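**Q** mmCIF, C-alpha atoms, saved as my_file-v5.cif, coming up:
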data_query
loop_
_atom_site.label_atom_id
_atom_site.label_comp_id
_atom_site.auth_asym_id
_atom_site.auth_seq_id
_atom_site.Cartn_x
_atom_site.Cartn_y
_atom_site.Cartn_z
CA MET A 1 -17.51 58.39 -0.89
CA GLN A 2 -15.72 57.13 2.21
CA VAL A 3 -17.25 54.43 4.42
CA ARG A 4 -16.23 54.13 8.06
CA LEU A 5 -16.75 50.99 10.09
CA SER A 6 -17.58 51.30 13.73
CA PRO A 7 -15.05 49.63 16.05
CA CYS A 8 -17.69 47.06 17.05
CA LEU A 9 -18.46 46.09 13.44
CA PHE A 10 -14.76 45.96 12.60
CA SER A 11 -14.11 43.64 15.57
CA LEU A 12 -16.98 41.38 14.52
CA CYS A 13 -15.65 41.10 10.95
CA LEU A 14 -12.11 40.42 12.12
CA GLY A 15 -13.28 37.88 14.69
CA SER A 16 -15.36 36.04 12.07
CA ALA A 17 -12.42 35.88 9.69
CA LEU A 18 -10.13 34.50 12.38
CA PHE A 19 -12.76 31.98 13.56
CA PHE A 20 -13.44 30.57 10.10
CA ASN A 21 -9.73 30.37 9.34
CA ALA A 22 -9.05 28.54 12.62
CA THR A 23 -11.91 26.06 12.19
CA GLY A 24 -10.69 24.77 8.85
CA VAL A 25 -13.14 26.34 6.44
CA HIS A 26 -10.19 26.64 4.05
CA ALA A 27 -9.45 22.92 4.38
CA GLN A 28 -8.02 20.73 1.66
CA THR A 29 -10.49 20.23 -1.20
CA ARG A 30 -8.26 18.66 -3.87
CA ILE A 31 -6.59 15.25 -3.85
CA ALA A 32 -4.45 13.38 -6.39
CA LEU A 33 -4.00 9.61 -6.37
CA LYS A 34 -2.28 6.98 -8.52
CA SER A 35 -3.49 3.41 -8.98
CA GLY A 36 -3.45 1.54 -5.68
CA GLU A 37 -2.75 4.60 -3.50
CA SER A 38 -4.74 5.66 -0.43
CA THR A 39 -4.96 8.90 1.52
CA GLU A 40 -6.56 10.02 4.77
CA LEU A 41 -9.20 12.68 4.11
CA MET A 42 -10.47 13.59 7.57
CA LEU A 43 -11.22 12.48 11.11
CA VAL A 44 -14.72 11.10 11.66
CA TYR A 45 -16.47 11.64 15.01
CA TRP A 46 -19.53 13.21 16.62
CA ILE A 47 -19.15 14.59 20.14
CA ARG A 48 -20.97 16.51 22.83
CA ASN A 49 -18.87 18.04 25.63
CA CYS A 50 -15.76 16.22 24.32
CA ARG A 51 -17.43 12.80 24.61
CA SER A 52 -18.51 10.63 21.71
CA ILE A 53 -22.27 10.27 21.37
CA VAL A 54 -22.08 7.90 18.39
CA VAL A 55 -23.93 4.60 18.72
CA GLY A 56 -22.53 1.96 16.34
CA ASN A 57 -20.25 2.55 13.38
CA PRO A 58 -20.63 5.54 11.04
CA GLU A 59 -21.41 4.71 7.40
CA VAL A 60 -20.02 6.49 4.34
CA GLU A 61 -21.62 6.60 0.91
CA ILE A 62 -20.40 8.15 -2.32
CA LEU A 63 -23.12 10.32 -3.84
CA GLU A 64 -21.05 11.29 -6.90
CA GLY A 65 -17.60 10.20 -7.94
CA PRO A 66 -15.42 8.07 -10.19
CA GLU A 67 -15.84 4.28 -10.13
CA GLU A 68 -12.11 3.88 -9.49
CA LEU A 69 -12.34 5.56 -6.09
CA THR A 70 -13.63 3.97 -2.87
CA LEU A 71 -14.17 5.44 0.59
CA ALA A 72 -13.98 3.62 3.91
CA ILE A 73 -13.89 4.56 7.57
CA LYS A 74 -11.03 3.04 9.56
CA PRO A 75 -12.26 2.81 13.18
CA GLY A 76 -10.04 4.11 15.96
CA MET A 77 -9.53 6.72 18.64
CA VAL A 78 -9.27 10.30 17.34
CA LEU A 79 -8.40 13.59 19.01
CA PRO A 80 -10.95 16.34 18.22
CA LEU A 81 -8.52 19.28 18.28
CA ALA A 82 -10.95 21.64 16.53
CA GLN A 83 -13.19 21.45 19.63
CA ASN A 84 -10.22 21.81 22.04
CA CYS A 85 -10.72 18.33 23.53
CA ALA A 86 -7.83 16.99 25.60
CA LYS A 87 -8.62 13.26 25.33
CA PRO A 88 -9.21 11.01 22.31
CA VAL A 89 -12.74 9.82 21.57
CA GLN A 90 -14.10 6.84 19.66
CA GLY A 91 -14.30 7.62 15.95
CA GLY A 92 -12.29 6.88 12.84
CA THR A 93 -10.48 8.17 9.79
CA LEU A 94 -12.03 8.58 6.34
CA ILE A 95 -9.77 6.88 3.79
CA ALA A 96 -9.94 7.31 -0.01
CA THR A 97 -8.43 4.50 -2.12
CA ALA A 98 -7.84 4.47 -5.87
CA LYS A 99 -8.34 1.13 -7.62
CA ASP A 100 -6.85 0.29 -11.02
CA ILE A 101 -6.87 3.47 -13.10
CA ALA A 102 -6.56 3.03 -16.86
CA ASP A 103 -6.57 6.67 -17.96
CA GLN A 104 -5.92 9.99 -16.26
CA LYS A 105 -9.17 11.45 -14.97
CA GLN A 106 -10.47 14.59 -13.25
CA ALA A 107 -13.67 14.21 -11.23
CA THR A 108 -15.72 15.55 -8.37
CA LEU A 109 -16.18 13.37 -5.29
CA THR A 110 -19.26 14.06 -3.18
CA TYR A 111 -19.80 11.90 -0.09
CA ARG A 112 -22.04 11.67 2.96
CA ILE A 113 -21.29 10.16 6.37
CA LYS A 114 -24.24 8.97 8.45
CA PHE A 115 -23.98 8.77 12.23
CA LYS A 116 -26.41 7.14 14.63
CA THR A 117 -26.08 9.10 17.87
CA LYS A 118 -27.76 9.21 21.25
CA GLU A 119 -29.56 12.31 19.93
CA GLY A 120 -30.75 10.71 16.66
CA GLU A 121 -29.36 10.36 13.16
CA ARG A 122 -26.83 12.96 12.03
CA GLN A 123 -25.10 13.53 8.68
CA GLN A 124 -21.94 15.17 7.47
CA SER A 125 -20.94 15.64 3.84
CA GLY A 126 -18.07 16.92 1.80
CA VAL A 127 -16.83 17.57 -1.73
CA TYR A 128 -13.34 17.03 -3.17
CA ARG A 129 -11.84 17.63 -6.60
CA VAL A 130 -10.04 14.43 -7.50
CA SER A 131 -7.21 13.84 -9.97
CA LEU A 132 -6.58 10.17 -10.77
CA PHE A 133 -3.45 8.92 -12.53
CA PRO A 134 -2.45 5.47 -13.87
#
As a first step, turn the structure in this file into structure tokens.
**A**
Amino acid sequence: MQVRLSPCLFSLCLGSALFFNATGVHAQTRIALKSGESTELMLVYWIRNCRSIVVGNPEVEILEGPEELTLAIKPGMVLPLAQNCAKPVQGGTLIATAKDIADQKQATLTYRIKFKTKEGERQQSGVYRVSLFP
């Protein structure tokens, strides 16, 4: 049995695939750290019309993860390229830091970032597979 897609349906499927690929749906989901190392995970911001609507500092909490791993938000100006903004906005960078690691470990890191915005409270979350090495 042969199935034919209409040109409209084909265009919709192709457009969706290109959109999700361009917006970072296939972003990094695995990190590896040694004792004392840090890495930048992502930019942290909340905007409307390329202007920050965040009131105060965002907070990050680890919902699930190894004790040897901490998360912090380093405040600073960030450029929201995914939204095609030309100017930096107030935001920060999410940093993961490994403390003293005694034994090699594989774990799942689940975190949540809470924003207080002019439109109310907003949340963003993410999951990473983490490999920790002494």
**Q** Within 6 Å of range 126-134 of chain A, counting all atoms listed in the file, which residues qualify if same-chain residues fewer than 3 places away don't, as a list in words?
**A**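 The residues that qualify are Thr29, Arg30, Ile31, Ala32, Leu33, Lys34, Ser35, Ile101, Ala102, Asp103, Gln104, Lys105, Gln106, Ala107, Thr108, Leu109, Thr110 and Tyr111 of chain A.
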**Q** For CA of Thr93 in chain A and CA of Leu43 in chain A, determine how far apart the two atoms are, in Å to one decimal place.
**A** 4.6 Å
**Q** In terms of the shortest atom-to-atom distance over only C-alpha atoms, which of A:Gly91, A:Leu71, A:Ala96, A:Met77 is closest to Val55 in chain A?
**A**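 Going through A:Gly91, A:Leu71, A:Ala96, A:Met77 one by one, the smallest distance to Val55 in chain A is for A:Gly91.
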**Q** Choose the residue, out of A:Pro75, A:Glu119, A:Thr39, A:Leu81, that has the smallest atom-to-atom separation from Glu59 in chain A; count all atoms listed in the file.
**A** A:Pro75
**Q** Quick check, in Å to one decimal: how far apart do CA of Ser38 in chain A and CA of Val54 in chain A lie?
**A** 25.7 Å
**Q** Go ahead and compute the interatomic distance for CA of Glu68 in chain A and CA of Ile95 in chain A, in Å to one decimal.
**A**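 Rounded to one decimal, the two atoms are 13.8 Å apart.
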**Q** Identify which of the residues A:Ile73, A:Lys118, A:Glu37, A:Thr97 lies closest to Asn57 in chain A, counting only C-alpha atoms when measuring atom-to-atom distances.
**A** A:Ile73
**Q** Select, from A:Ile53, A:Ala98, A:Met42, A:Gly92, the residue with the minimum atom-to-atom distance to Gly120 in chain A, counting all atoms listed in the file.
**A**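 The answer is A:Ile53, which sits nearest to Gly120 in chain A.
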**Q** Quick one: everything within 10 Å of Glu67 in chain A, counting all atoms listed in the file, minus sequence neighbours fewer than 2 positions away in the same chain. Send it as an MDAnalysis selection string.
**A** chainID A and resid 62 64:65 69:70 98:101
**Q** Here is a test: counting only C-alpha atoms, which residue of A:Glu61, A:Ile113, A:Val44, A:Asn49 is nearest to Lys74 in chain A?
**A**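 Under the stated criterion, the closest residue is A:Val44.
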